>>> print(open('work08.cif').read())   # mmCIF, C-alpha atoms
data_upload
#
loop_
_atom_site.label_atom_id
_atom_site.label_comp_id
_atom_site.auth_asym_id
_atom_site.auth_seq_id
_atom_site.Cartn_x
_atom_site.Cartn_y
_atom_site.Cartn_z
CA MET A 262 0.00 0.00 0.00
CA ASP A 263 1.35 3.43 -0.96
CA PRO A 264 2.21 5.67 2.03
CA THR A 265 -0.17 8.51 2.82
CA ALA A 266 -0.44 11.49 5.16
CA LYS A 267 -3.68 12.08 7.03
CA LEU A 268 -5.30 15.49 7.31
CA SER A 269 -8.27 16.18 9.59
CA ILE A 270 -10.63 19.07 8.83
CA ASP A 271 -13.95 19.50 10.64
CA ASP A 272 -13.99 15.91 11.87
CA GLN A 273 -13.35 14.67 8.32
CA THR A 274 -10.09 12.80 7.63
CA TYR A 275 -8.44 12.89 4.23
CA GLU A 276 -5.54 10.83 2.96
CA LEU A 277 -2.92 12.59 0.86
CA PRO A 278 -0.19 10.80 -1.14
CA LEU A 279 3.22 10.86 0.54
CA LEU A 280 6.13 10.98 -1.90
CA THR A 281 9.85 10.43 -1.25
CA GLY A 282 12.66 11.89 -3.35
CA THR A 283 15.85 10.05 -4.24
CA GLU A 284 17.73 11.73 -1.37
CA GLY A 285 15.03 10.93 1.19
CA THR A 286 13.16 14.24 1.16
CA ARG A 287 9.46 13.60 1.80
CA ALA A 288 6.62 15.57 0.24
CA ILE A 289 2.87 15.57 0.78
CA ASP A 290 1.12 15.73 -2.59
CA ILE A 291 -1.63 18.34 -2.26
CA GLY A 292 -2.48 18.43 -5.97
CA LYS A 293 -6.11 17.50 -5.27
CA LEU A 294 -6.42 19.24 -1.90
CA GLN A 295 -8.85 21.98 -2.87
CA ARG A 296 -10.95 19.66 -4.99
CA THR A 297 -11.39 17.13 -2.18
CA THR A 298 -11.39 19.35 0.93
CA GLY A 299 -12.35 22.83 -0.27
CA CYS A 300 -9.18 24.17 1.39
CA ILE A 301 -5.91 25.59 0.06
CA THR A 302 -2.53 25.83 1.77
CA LEU A 303 -0.99 29.17 2.80
CA ASP A 304 2.80 29.39 2.63
CA GLU A 305 4.11 32.95 2.37
CA GLY A 306 7.32 32.93 0.32
CA TYR A 307 6.87 29.17 -0.37
CA PRO A 308 9.60 27.93 2.05
CA ASN A 309 7.62 24.72 2.66
CA THR A 310 6.16 24.27 -0.81
CA GLY A 311 7.57 22.06 -3.55
CA SER A 312 6.55 23.65 -6.85
CA THR A 313 7.77 20.79 -9.05
CA LYS A 314 9.70 17.55 -9.28
CA SER A 315 13.24 18.23 -10.51
CA ALA A 316 16.31 16.12 -11.22
CA ILE A 317 18.76 19.01 -11.62
CA THR A 318 20.14 20.21 -8.28
CA PHE A 319 20.07 18.74 -4.77
CA LEU A 320 20.40 20.96 -1.69
CA ASP A 321 20.66 20.00 1.95
CA GLY A 322 20.81 23.23 3.88
CA GLU A 323 21.32 21.58 7.26
CA LYS A 324 24.40 19.66 6.09
CA GLY A 325 25.70 22.27 3.65
CA ILE A 326 25.42 20.00 0.59
CA LEU A 327 25.07 21.19 -3.01
CA ARG A 328 25.12 18.74 -5.93
CA TYR A 329 24.64 19.27 -9.66
CA ARG A 330 22.95 16.22 -11.21
CA GLY A 331 24.34 14.12 -8.34
CA TYR A 332 27.91 15.47 -8.47
CA PRO A 333 29.19 17.49 -5.47
CA VAL A 334 29.74 21.11 -6.48
CA GLU A 335 33.26 20.88 -5.04
CA VAL A 336 34.13 18.16 -7.57
CA ILE A 337 32.55 20.00 -10.50
CA ALA A 338 34.35 23.24 -9.57
CA GLU A 339 37.69 21.40 -9.48
CA ARG A 340 37.32 19.15 -12.51
CA CYS A 341 35.10 20.96 -15.03
CA ASP A 342 35.00 24.25 -16.87
CA PHE A 343 31.86 26.36 -17.11
CA THR A 344 30.77 25.07 -20.52
CA GLU A 345 31.05 21.45 -19.40
CA THR A 346 29.05 22.34 -16.28
CA ALA A 347 26.38 23.93 -18.46
CA TYR A 348 26.12 20.74 -20.54
CA LEU A 349 25.75 18.67 -17.36
CA LEU A 350 22.99 20.85 -15.97
CA ILE A 351 21.04 21.13 -19.21
CA PHE A 352 21.32 17.57 -20.53
CA GLY A 353 21.72 15.62 -17.28
CA ASP A 354 25.05 13.82 -17.77
CA LEU A 355 28.70 14.72 -18.17
CA PRO A 356 29.52 14.87 -21.89
CA THR A 357 31.95 12.75 -23.84
CA ALA A 358 34.78 14.60 -25.56
CA GLU A 359 32.83 14.56 -28.84
CA GLN A 360 29.60 15.77 -27.20
CA LEU A 361 31.43 18.58 -25.43
CA GLU A 362 33.14 19.79 -28.59
CA GLU A 363 29.85 19.72 -30.48
CA PHE A 364 28.25 21.69 -27.63
CA ARG A 365 31.03 24.29 -27.65
CA THR A 366 30.75 24.65 -31.44
CA SER A 367 26.98 25.04 -31.26
CA ILE A 368 27.50 27.95 -28.86
CA ARG A 369 30.39 29.61 -30.73
CA VAL A 370 28.49 30.00 -34.00
CA HIS A 371 25.87 32.19 -32.28
CA THR A 372 28.02 34.67 -30.32
CA LEU A 373 27.42 37.63 -32.65
CA LEU A 374 24.45 39.95 -32.18
CA HIS A 375 22.40 41.31 -35.06
CA GLU A 376 23.96 44.65 -36.03
CA GLY A 377 20.60 46.33 -35.60
CA MET A 378 20.79 45.62 -31.88
CA LYS A 379 23.65 48.10 -31.55
CA ARG A 380 21.05 50.85 -31.89
CA ILE A 381 19.32 49.51 -28.78
CA PHE A 382 22.52 49.96 -26.77
CA ALA A 383 23.01 53.44 -28.22
CA GLY A 384 19.64 54.47 -26.82
CA PHE A 385 20.64 53.76 -23.21
CA PRO A 386 22.04 56.65 -21.13
CA PRO A 387 25.63 56.19 -19.87
CA ASP A 388 24.43 55.70 -16.28
CA ALA A 389 21.85 53.02 -17.15
CA GLN A 390 21.80 50.14 -14.67
CA PRO A 391 23.57 47.14 -16.27
CA MET A 392 20.88 44.68 -15.13
CA ALA A 393 18.21 46.85 -16.75
CA ILE A 394 20.24 46.82 -19.98
CA LEU A 395 20.76 43.06 -19.77
CA SER A 396 17.08 42.24 -19.25
CA SER A 397 15.99 44.67 -21.97
CA VAL A 398 18.36 43.39 -24.63
CA VAL A 399 17.80 39.72 -23.77
CA SER A 400 14.07 40.34 -24.15
CA ALA A 401 14.77 42.02 -27.52
CA LEU A 402 16.34 38.79 -28.79
CA ALA A 403 12.77 37.63 -29.36
CA ILE A 404 12.59 40.30 -32.08
CA TYR A 405 15.80 39.25 -33.83
CA CYS A 406 15.56 35.46 -33.35
CA LYS A 407 12.07 34.86 -34.66
CA ASP A 408 12.93 31.41 -35.99
CA SER A 409 13.37 29.96 -32.48
CA LEU A 410 10.39 31.28 -30.50
CA ASP A 411 8.03 28.30 -30.46
CA SER A 412 8.68 26.65 -27.09
CA ARG A 413 6.56 23.65 -28.14
CA SER A 414 9.15 22.71 -30.77
CA GLU A 415 12.11 20.68 -29.47
CA GLU A 416 14.23 21.92 -32.40
CA MET A 417 13.45 25.59 -31.68
CA ARG A 418 13.97 25.09 -27.95
CA GLU A 419 17.45 23.71 -28.58
CA LEU A 420 18.35 26.51 -31.01
CA SER A 421 17.17 29.15 -28.56
CA MET A 422 19.25 27.54 -25.77
CA TYR A 423 22.45 27.74 -27.85
CA ARG A 424 21.69 31.32 -28.83
CA MET A 425 21.01 32.32 -25.25
CA LEU A 426 24.24 30.80 -23.95
CA ALA A 427 26.23 32.39 -26.80
CA LYS A 428 24.75 35.87 -26.83
CA MET A 429 24.43 36.61 -23.11
CA PRO A 430 28.18 37.32 -22.63
CA THR A 431 28.17 39.56 -25.71
CA ILE A 432 25.15 41.49 -24.42
CA ALA A 433 26.69 41.88 -20.96
CA ALA A 434 30.03 43.11 -22.35
CA PHE A 435 28.42 45.47 -24.88
CA GLY A 436 26.32 46.98 -22.09
CA TYR A 437 29.47 47.67 -20.08
CA LYS A 438 31.30 49.18 -23.04
CA GLN A 439 28.33 51.44 -23.77
CA SER A 440 28.33 52.70 -20.17
CA ILE A 441 31.99 53.76 -20.29
CA GLY A 442 31.94 55.16 -23.81
CA GLN A 443 34.26 52.60 -25.38
CA PRO A 444 33.70 50.84 -28.72
CA PHE A 445 32.20 47.38 -28.69
CA ILE A 446 34.64 44.50 -28.91
CA TYR A 447 33.29 41.66 -30.99
CA PRO A 448 33.56 38.06 -29.78
CA GLU A 449 36.49 35.93 -30.91
CA ASN A 450 35.32 32.37 -31.21
CA HIS A 451 38.73 30.75 -30.85
CA LEU A 452 38.71 31.81 -27.19
CA THR A 453 37.07 29.86 -24.39
CA TYR A 454 33.75 31.03 -22.96
CA CYS A 455 35.35 32.90 -20.04
CA GLN A 456 38.29 34.21 -22.09
CA ASN A 457 35.90 35.58 -24.67
CA PHE A 458 33.86 37.45 -22.08
CA LEU A 459 36.90 39.05 -20.44
CA HIS A 460 38.24 39.99 -23.87
CA MET A 461 34.97 41.71 -24.82
CA MET A 462 34.87 43.46 -21.42
CA PHE A 463 38.40 44.82 -21.22
CA ALA A 464 40.05 44.86 -24.67
CA VAL A 465 40.24 48.07 -26.71
CA PRO A 466 41.00 48.40 -30.46
CA SER A 467 44.08 50.57 -29.89
CA GLU A 468 46.20 48.05 -28.01
CA ARG A 469 46.65 44.34 -27.45
CA TYR A 470 44.78 42.92 -24.46
CA GLN A 471 46.92 40.89 -22.09
CA MET A 472 44.58 38.41 -20.45
CA ASP A 473 45.45 37.26 -16.92
CA PRO A 474 44.98 33.44 -16.80
CA ASP A 475 44.26 33.65 -13.06
CA PHE A 476 41.31 35.92 -13.78
CA VAL A 477 40.04 33.45 -16.37
CA ASP A 478 40.22 30.70 -13.74
CA ALA A 479 38.51 32.95 -11.20
CA LEU A 480 35.64 33.76 -13.55
CA ASN A 481 35.28 30.11 -14.52
CA LEU A 482 35.07 29.12 -10.85
CA LEU A 483 32.54 31.77 -9.89
CA LEU A 484 30.28 31.04 -12.85
CA ILE A 485 30.29 27.32 -11.99
CA LEU A 486 29.43 27.97 -8.34
CA GLN A 487 26.52 30.20 -9.38
CA ALA A 488 25.27 27.95 -12.20
CA ASP A 489 22.21 26.59 -10.37
CA HIS A 490 20.64 26.58 -6.94
CA SER A 491 17.34 24.75 -7.26
CA GLN A 492 14.04 26.63 -6.97
CA ASN A 493 15.34 30.05 -5.95
CA CYS A 494 13.51 33.29 -6.73
CA SER A 495 14.91 33.83 -10.24
CA THR A 496 14.72 30.18 -11.28
CA SER A 497 11.13 30.01 -10.07
CA ALA A 498 10.44 33.16 -12.09
CA VAL A 499 11.86 31.54 -15.23
CA ARG A 500 9.75 28.42 -14.70
CA MET A 501 6.59 30.38 -13.88
CA VAL A 502 6.88 32.71 -16.89
CA GLY A 503 8.00 29.84 -19.11
CA SER A 504 4.97 27.77 -18.07
CA SER A 505 2.83 30.03 -20.28
CA ASN A 506 4.75 28.62 -23.30
CA VAL A 507 6.50 31.93 -23.87
CA ASN A 508 9.87 31.86 -25.68
CA LEU A 509 13.12 31.23 -23.79
CA PHE A 510 14.40 34.81 -24.23
CA SER A 511 11.38 36.29 -22.46
CA ALA A 512 11.55 33.69 -19.69
CA ILE A 513 15.26 34.40 -19.11
CA ALA A 514 14.58 38.16 -19.06
CA SER A 515 12.15 37.58 -16.20
CA GLY A 516 14.84 35.64 -14.32
CA ILE A 517 17.29 38.51 -14.80
CA CYS A 518 14.78 40.96 -13.33
CA ALA A 519 14.21 38.68 -10.33
CA LEU A 520 17.95 38.25 -9.77
CA TRP A 521 18.46 42.02 -9.76
CA GLY A 522 17.10 42.49 -6.21
CA GLU A 523 19.58 42.91 -3.36
CA TRP A 524 17.98 40.03 -1.46
CA HIS A 525 18.93 37.76 -4.35
CA GLY A 526 21.71 38.32 -6.90
CA GLY A 527 22.35 41.91 -5.87
CA ALA A 528 23.63 40.77 -2.49
CA ASN A 529 27.29 40.52 -3.60
CA GLU A 530 27.32 44.20 -4.61
CA ALA A 531 25.50 45.11 -1.40
CA CYS A 532 28.13 43.16 0.56
CA ILE A 533 31.00 45.14 -0.97
CA ASN A 534 29.14 48.38 -0.27
CA MET A 535 28.74 47.31 3.36
CA LEU A 536 32.44 46.45 3.72
CA GLU A 537 33.42 49.80 2.19
CA MET A 538 31.11 51.58 4.63
CA ILE A 539 32.66 49.77 7.62
CA GLN A 540 36.16 50.46 6.27
CA ALA A 541 35.36 54.17 5.94
CA ASP A 542 34.02 54.20 9.50
CA GLY A 543 37.33 53.24 11.02
CA ARG A 544 36.76 49.47 10.72
CA ASN A 545 34.44 49.61 13.72
CA LEU A 546 33.22 46.02 13.44
CA LYS A 547 31.54 45.92 16.85
CA LYS A 548 29.34 48.87 15.94
CA TYR A 549 27.94 47.15 12.86
CA VAL A 550 27.62 43.72 14.46
CA ASP A 551 25.60 45.37 17.25
CA LEU A 552 23.49 47.20 14.67
CA ALA A 553 22.74 43.92 12.91
CA LYS A 554 21.51 42.42 16.19
CA ASP A 555 19.31 45.43 17.04
CA LYS A 556 15.79 44.62 15.84
CA THR A 557 14.84 48.30 15.93
CA LYS A 558 17.41 49.06 13.21
CA GLU A 559 17.12 48.25 9.51
CA PHE A 560 20.83 47.47 9.09
CA ARG A 561 21.69 43.93 7.94
CA LEU A 562 25.04 42.20 7.68
CA MET A 563 25.01 41.40 3.98
CA GLY A 564 26.55 38.07 3.00
CA PHE A 565 25.49 36.23 6.16
CA GLY A 566 22.70 33.69 6.36
CA HIS A 567 20.77 31.94 3.64
CA ARG A 568 17.15 30.96 3.05
CA VAL A 569 18.21 27.32 2.62
CA TYR A 570 21.62 26.84 4.24
CA LYS A 571 21.72 26.46 8.02
CA ASN A 572 25.36 25.52 7.78
CA TYR A 573 28.40 26.97 6.01
CA ASP A 574 27.57 27.55 2.34
CA PRO A 575 29.88 25.10 0.48
CA ARG A 576 30.32 27.65 -2.31
CA ALA A 577 31.60 30.24 0.17
CA THR A 578 34.26 27.80 1.39
CA ILE A 579 35.56 27.30 -2.16
CA ILE A 580 35.51 31.00 -3.02
CA LYS A 581 37.29 32.03 0.20
CA LYS A 582 40.07 29.51 -0.47
CA PHE A 583 40.46 30.73 -4.06
CA ALA A 584 40.56 34.38 -2.92
CA HIS A 585 43.47 33.54 -0.60
CA LYS A 586 45.26 31.81 -3.48
CA LEU A 587 44.65 34.71 -5.87
CA LEU A 588 45.90 37.35 -3.44
CA LYS A 589 48.97 35.34 -2.50
CA LYS A 590 49.92 34.67 -6.13
CA HIS A 591 49.58 38.32 -7.08
CA GLY A 592 51.39 39.46 -3.93
CA GLN A 593 48.55 41.78 -2.97
CA ARG A 594 46.82 42.76 0.23
CA ASP A 595 43.19 43.73 -0.04
CA PRO A 596 41.92 45.69 2.98
CA LEU A 597 38.34 44.67 2.21
CA PHE A 598 39.29 40.98 2.12
CA ASP A 599 41.09 41.37 5.45
CA LEU A 600 38.04 43.15 6.83
CA ALA A 601 35.73 40.43 5.53
CA GLN A 602 37.75 37.76 7.33
CA GLU A 603 37.71 39.75 10.56
CA LEU A 604 33.97 40.23 10.28
CA GLU A 605 33.48 36.52 9.61
CA GLU A 606 35.53 35.63 12.69
CA VAL A 607 33.52 38.02 14.89
CA ALA A 608 30.19 36.75 13.57
CA LEU A 609 31.08 33.06 13.86
CA THR A 610 32.01 33.46 17.54
CA ASP A 611 28.99 35.60 18.47
CA PRO A 612 26.15 33.61 20.14
CA TYR A 613 23.56 35.68 18.23
CA PHE A 614 24.84 34.45 14.85
CA ILE A 615 25.63 30.94 16.08
CA GLU A 616 22.12 30.38 17.46
CA ARG A 617 20.55 31.63 14.23
CA LYS A 618 23.00 29.68 12.06
CA LEU A 619 24.01 32.81 10.14
CA TYR A 620 27.08 31.66 8.26
CA PRO A 621 28.81 33.44 5.35
CA ASN A 622 27.15 32.69 2.03
CA VAL A 623 28.34 32.77 -1.59
CA ASP A 624 27.84 36.53 -1.85
CA PHE A 625 30.20 37.29 1.02
CA TYR A 626 33.40 36.49 -0.89
CA SER A 627 32.37 36.49 -4.56
CA GLY A 628 32.33 40.29 -4.67
CA ILE A 629 35.88 40.34 -3.27
CA ILE A 630 37.16 38.26 -6.19
CA TYR A 631 35.26 40.30 -8.79
CA ARG A 632 36.79 43.40 -7.25
CA LEU A 633 40.29 41.93 -7.58
CA MET A 634 39.53 41.29 -11.26
CA ASN A 635 38.63 44.98 -11.75
CA ILE A 636 34.99 44.13 -12.44
CA PRO A 637 32.91 47.23 -11.55
CA LYS A 638 30.49 46.76 -8.68
CA ASN A 639 27.44 47.43 -10.82
CA MET A 640 28.47 44.49 -13.03
CA PHE A 641 28.60 41.94 -10.18
CA THR A 642 24.96 40.91 -10.56
CA VAL A 643 25.33 40.76 -14.36
CA LEU A 644 28.04 38.14 -13.90
CA PHE A 645 25.80 36.32 -11.44
CA ALA A 646 23.15 36.20 -14.18
CA LEU A 647 25.74 34.92 -16.65
CA GLY A 648 26.63 32.14 -14.23
CA ARG A 649 23.03 31.27 -13.41
CA LEU A 650 22.05 31.05 -17.11
CA PRO A 651 22.68 27.27 -17.53
CA GLY A 652 20.52 26.57 -14.49
CA TRP A 653 17.69 28.73 -15.81
CA ILE A 654 17.89 27.00 -19.19
CA ALA A 655 18.02 23.54 -17.57
CA HIS A 656 14.89 24.22 -15.52
CA TRP A 657 13.06 25.73 -18.51
CA ARG A 658 13.94 22.66 -20.58
CA GLU A 659 13.00 20.24 -17.81
CA MET A 660 9.65 21.96 -17.38
CA HIS A 661 8.84 21.67 -21.08
CA GLN A 662 9.78 17.99 -21.10
CA SER A 663 7.57 17.18 -18.12
CA PRO A 664 4.40 15.21 -18.98
CA THR A 665 2.59 17.02 -16.15
CA LYS A 666 3.52 20.53 -17.32
CA ALA A 667 0.82 23.11 -16.61
CA ILE A 668 0.67 26.89 -16.49
CA HIS A 669 1.56 28.12 -13.00
CA ARG A 670 -1.43 29.60 -11.22
CA PRO A 671 -1.01 29.90 -7.41
CA MET A 672 -4.03 30.63 -5.21
CA ASP A 673 -4.37 33.26 -2.50
CA LEU A 674 -6.33 33.46 0.73
CA TYR A 675 -8.69 36.34 0.08
CA VAL A 676 -8.93 38.72 3.07
CA GLY A 677 -10.65 41.69 1.38
CA HIS A 678 -14.21 42.99 1.52
CA THR A 679 -17.15 40.66 1.29
CA LEU A 680 -19.99 41.53 -1.11
CA ARG A 681 -20.55 45.31 -1.17
CA GLU A 682 -23.41 47.41 -2.46
CA PHE A 683 -22.41 49.85 -5.20
CA VAL A 684 -23.01 53.54 -4.35
CA PRO A 685 -23.45 55.91 -7.33
CA LEU A 686 -20.89 58.71 -7.61
CA ILE A 687 -23.46 61.43 -6.93
CA GLU A 688 -24.35 59.84 -3.59
CA ARG A 689 -20.80 59.42 -2.31
CA THR A 690 -19.58 62.03 0.15
CA ALA A 691 -15.97 63.02 0.49
CA LYS A 692 -14.27 61.76 3.63
CA GLY A 693 -11.94 63.65 5.86
#
>>> encode(input="work08.cif", output="structure tokens")
Amino acid sequence: MDPTAKLSIDDQTYELPLLTGTEGTRAIDIGKLQRTTGCITLDEGYPNTGSTKSAITFLDGEKGILRYRGYPVEVIAERCDFTETAYLLIFGDLPTAEQLEEFRTSIRVHTLLHEGMKRIFAGFPPDAQPMAILSSVVSALAIYCKDSLDSRSEEMRELSMYRMLAKMPTIAAFGYKQSIGQPFIYPENHLTYCQNFLHMMFAVPSERYQMDPDFVDALNLLLILQADHSQNCSTSAVRMVGSSNVNLFSAIASGICALWGEWHGGANEACINMLEMIQADGRNLKKYVDLAKDKTKEFRLMGFGHRVYKNYDPRATIIKKFAHKLLKKHGQRDPLFDLAQELEEVALTDPYFIERKLYPNVDFYSGIIYRLMNIPKNMFTVLFALGRLPGWIAHWREMHQSPTKAIHRPMDLYVGHTLREFVPLIERTAKG
């Protein structure tokens, strides 16, 4: 007999299917709850709600585990490059050498943007927010890639995936060049994915660009660690918008907008801003730790705590180690990195943070590395979006391949007026 959960409402008992995932997570299937009981569930922010079945990423926040398609993220970060990681997330298995080369080639041939899109960039003011540019231009791909918009077609879905992976770095780099008044640098397809992006970001026509291999490795690592994180805000946005059968470009644009917020992808920029503020205030760590603990204040220690992890974020461990290596190799001291380590030490020994399991997360150190690479702060979240792109695509693809796919339509618990009698305008009196 299949296991069930029992729910009692008004002396009536209902049996609900009880499902178990491959890692032991248990879920109560409430798919027929309203139909059978007349009730809905209420779960603000959905922390207890499983929106779908997924085979892409496994998280265990209590143990600090993150796996892509069954592989620990630590192993993937050490053994794979970003393109290979993207293949794994999207298609489900590590590629053979032939499959990987075919995948890389399928991306390379789509790196150029339509020349007409340059006029879109020209219309943005120099101080335009890079995430606003990114979401706008990605959305505009639906205008220029009209032969890959039908999400019901497997062939068009695959073509749009390759185009999205190929063109996102070009869009991001062009947006940066527009903001600083430099000419666009076109992609060079003999370069790797990360090399190509750095070349388009920092090269200029008047001189040869000397690419730092350590920065290529750093970008590759950060993109891998940000490639997917299960049903987070932006991924859920991509799946929800995509459930309407809209094209991939529009679905990804919605994910970019969701990622923009400082409680999501914007946290790494907010973390650097916080460290700079503390540095400018005489490195008074106690003052800001006390502010973070004061419930009457709005100040938050950015980079600490996570909606899922109640342990040390495994990505933060990897990034911190790499930051040490990068600084040591380049013989540099970074006062913000030193400050971040001091702040981490204070927080990890403070009972307030220990009791609440507020450990450093991926945003705490990723901004430090981007800063060392001379990436402007307002581009941090753009690079987060670039990293998260394979995960968004993988979830969009998985959703379309699901036999139970349906348009997302959450319910709400209505708490407004009951039936009201309409009063004609002439009879209404002004209040106050």
>>> resolve_selection(input="work08.cif", expression="the PyMOL selection byres ((chain A and resi 570-585) around 7)", output="ChimeraX atom specification")
/A:322-326,486,567-569,586-589,618,620-623,626-627,630
>>> resolve_selection(input="work08.cif", expression="the PyMOL selection byres ((chain A and resi 629) around 10)", output="ChimeraX atom specification")
/A:529-530,532-533,536,580-581,584,595,597-598,601,624-628,630-634,636,638
>>> atom_distance(input="work08.cif", atom1="atom CA of Gln593 of chain A", atom2="atom CA of Ile446 of chain A")
29.6 Å
>>> residues_around(input="work08.cif", residues="Arg658 of chain A", least_positions_apart="5", cutoff="10 Å", atoms="all atoms listed in the file", output="PyMOL selection string")
chain A and resi 351-352+412+415+418-419+422+500+503+509+652-653+663
>>> resolve_selection(input="work08.cif", expression="the PyMOL selection byres ((chain A and resi 309) around 12)", output="list in words")
Thr286, Arg287, Ala288, Ile289, Thr302, Leu303, Asp304, Glu305, Gly306, Tyr307, Pro308, Thr310, Gly311, Ser312, Gln492, Arg568 and Val569 of chain A
>>> atom_distance(input="work08.cif", atom1="atom CA of Ile394 of chain A", atom2="atom CA of Pro474 of chain A")
28.3 Å
>>> closest_residue(input="work08.cif", among="A:Pro637, A:Gly648, A:Gly526, A:Pro612", to="Pro430 of chain A", atoms="only C-alpha atoms")
A:Gly648
>>> residues_around(input="work08.cif", residues="segment 262-276 of chain A", least_positions_apart="5", cutoff="9 Å", atoms="only C-alpha atoms", output="ChimeraX atom specification")
/A:289-290,297-298
>>> residues_around(input="work08.cif", residues="Leu327 of chain A", least_positions_apart="4", cutoff="9 Å", atoms="all atoms listed in the file", output="PyMOL selection string")
chain A and resi 318-322+331-335+490+574-576
>>> residues_around(input="work08.cif", residues="Ser397 of chain A", least_positions_apart="6", cutoff="12 Å", atoms="all atoms listed in the file", output="number ranges by chain")
A: 378, 381-382, 384-385, 389-391, 403-404, 429, 432-433, 436, 510-511, 513-518
>>> atom_distance(input="work08.cif", atom1="atom CA of Asp555 of chain A", atom2="atom CA of Tyr613 of chain A")
10.7 Å
>>> closest_residue(input="work08.cif", among="A:Leu294, A:Leu402, A:Met425, A:Val336", to="Thr372 of chain A", atoms="all atoms listed in the file")
A:Met425
>>> closest_residue(input="work08.cif", among="A:Asp673, A:Leu686, A:Arg330, A:Val398", to="Ile301 of chain A", atoms="only C-alpha atoms")
A:Asp673
>>> residues_around(input="work08.cif", residues="Asp611 of chain A", least_positions_apart="4", cutoff="12 Å", atoms="all atoms listed in the file", output="mmCIF file with C-alpha atoms, keeping the file's coordinate frame")
data_model
loop_
_atom_site.group_PDB
_atom_site.id
_atom_site.type_symbol
_atom_site.label_atom_id
_atom_site.label_comp_id
_atom_site.auth_asym_id
_atom_site.auth_seq_id
_atom_site.Cartn_x
_atom_site.Cartn_y
_atom_site.Cartn_z
ATOM 1 C CA LYS A 547 31.540 45.920 16.850
ATOM 2 C CA VAL A 550 27.620 43.720 14.460
ATOM 3 C CA ASP A 551 25.600 45.370 17.250
ATOM 4 C CA ALA A 553 22.740 43.920 12.910
ATOM 5 C CA LYS A 554 21.510 42.420 16.190
ATOM 6 C CA LEU A 604 33.970 40.230 10.280
ATOM 7 C CA GLU A 605 33.480 36.520 9.610
ATOM 8 C CA GLU A 606 35.530 35.630 12.690
ATOM 9 C CA VAL A 607 33.520 38.020 14.890
ATOM 10 C CA ILE A 615 25.630 30.940 16.080
ATOM 11 C CA GLU A 616 22.120 30.380 17.460
ATOM 12 C CA ARG A 617 20.550 31.630 14.230
ATOM 13 C CA LYS A 618 23.000 29.680 12.060
ATOM 14 C CA LEU A 619 24.010 32.810 10.140
ATOM 15 C CA TYR A 620 27.080 31.660 8.260
#
>>> closest_residue(input="work08.cif", among="A:Phe565, A:Tyr405, A:Phe364, A:Tyr454", to="Glu376 of chain A", atoms="all atoms listed in the file")
A:Tyr405
>>> closest_residue(input="work08.cif", among="A:Asn450, A:Ser400, A:Asn481, A:Thr642", to="Leu520 of chain A", atoms="all atoms listed in the file")
A:Thr642
>>> build_atoms(input="work08.cif", residues="segment 303-311 of chain A", atoms="N, CA, C and O atoms", output="short mmCIF file (atom, residue, chain, number, x, y, z; two decimals), in the frame of the given file")
data_model
loop_
_atom_site.label_atom_id
_atom_site.label_comp_id
_atom_site.auth_asym_id
_atom_site.auth_seq_id
_atom_site.Cartn_x
_atom_site.Cartn_y
_atom_site.Cartn_z
N LEU A 303 -1.54 27.81 2.77
CA LEU A 303 -0.99 29.17 2.80
C LEU A 303 0.46 29.07 3.23
O LEU A 303 0.75 28.56 4.32
N ASP A 304 1.36 29.53 2.38
CA ASP A 304 2.80 29.39 2.63
C ASP A 304 3.52 30.61 2.07
O ASP A 304 4.06 30.57 0.97
N GLU A 305 3.50 31.69 2.82
CA GLU A 305 4.11 32.95 2.37
C GLU A 305 5.58 32.75 2.02
O GLU A 305 6.38 32.31 2.84
N GLY A 306 5.94 33.08 0.78
CA GLY A 306 7.32 32.93 0.32
C GLY A 306 7.65 31.52 -0.10
O GLY A 306 8.77 31.25 -0.53
N TYR A 307 6.74 30.57 0.06
CA TYR A 307 6.87 29.17 -0.37
C TYR A 307 8.06 28.42 0.25
O TYR A 307 8.62 27.54 -0.41
N PRO A 308 8.46 28.67 1.50
CA PRO A 308 9.60 27.93 2.05
C PRO A 308 9.29 26.46 2.31
O PRO A 308 10.21 25.63 2.43
N ASN A 309 8.00 26.11 2.39
CA ASN A 309 7.62 24.72 2.66
C ASN A 309 6.91 24.07 1.48
O ASN A 309 6.34 22.99 1.62
N THR A 310 6.93 24.74 0.33
CA THR A 310 6.16 24.27 -0.81
C THR A 310 7.08 23.79 -1.94
O THR A 310 7.97 24.53 -2.37
N GLY A 311 6.86 22.56 -2.38
CA GLY A 311 7.57 22.06 -3.55
C GLY A 311 6.77 22.38 -4.79
O GLY A 311 5.65 21.89 -4.95
#
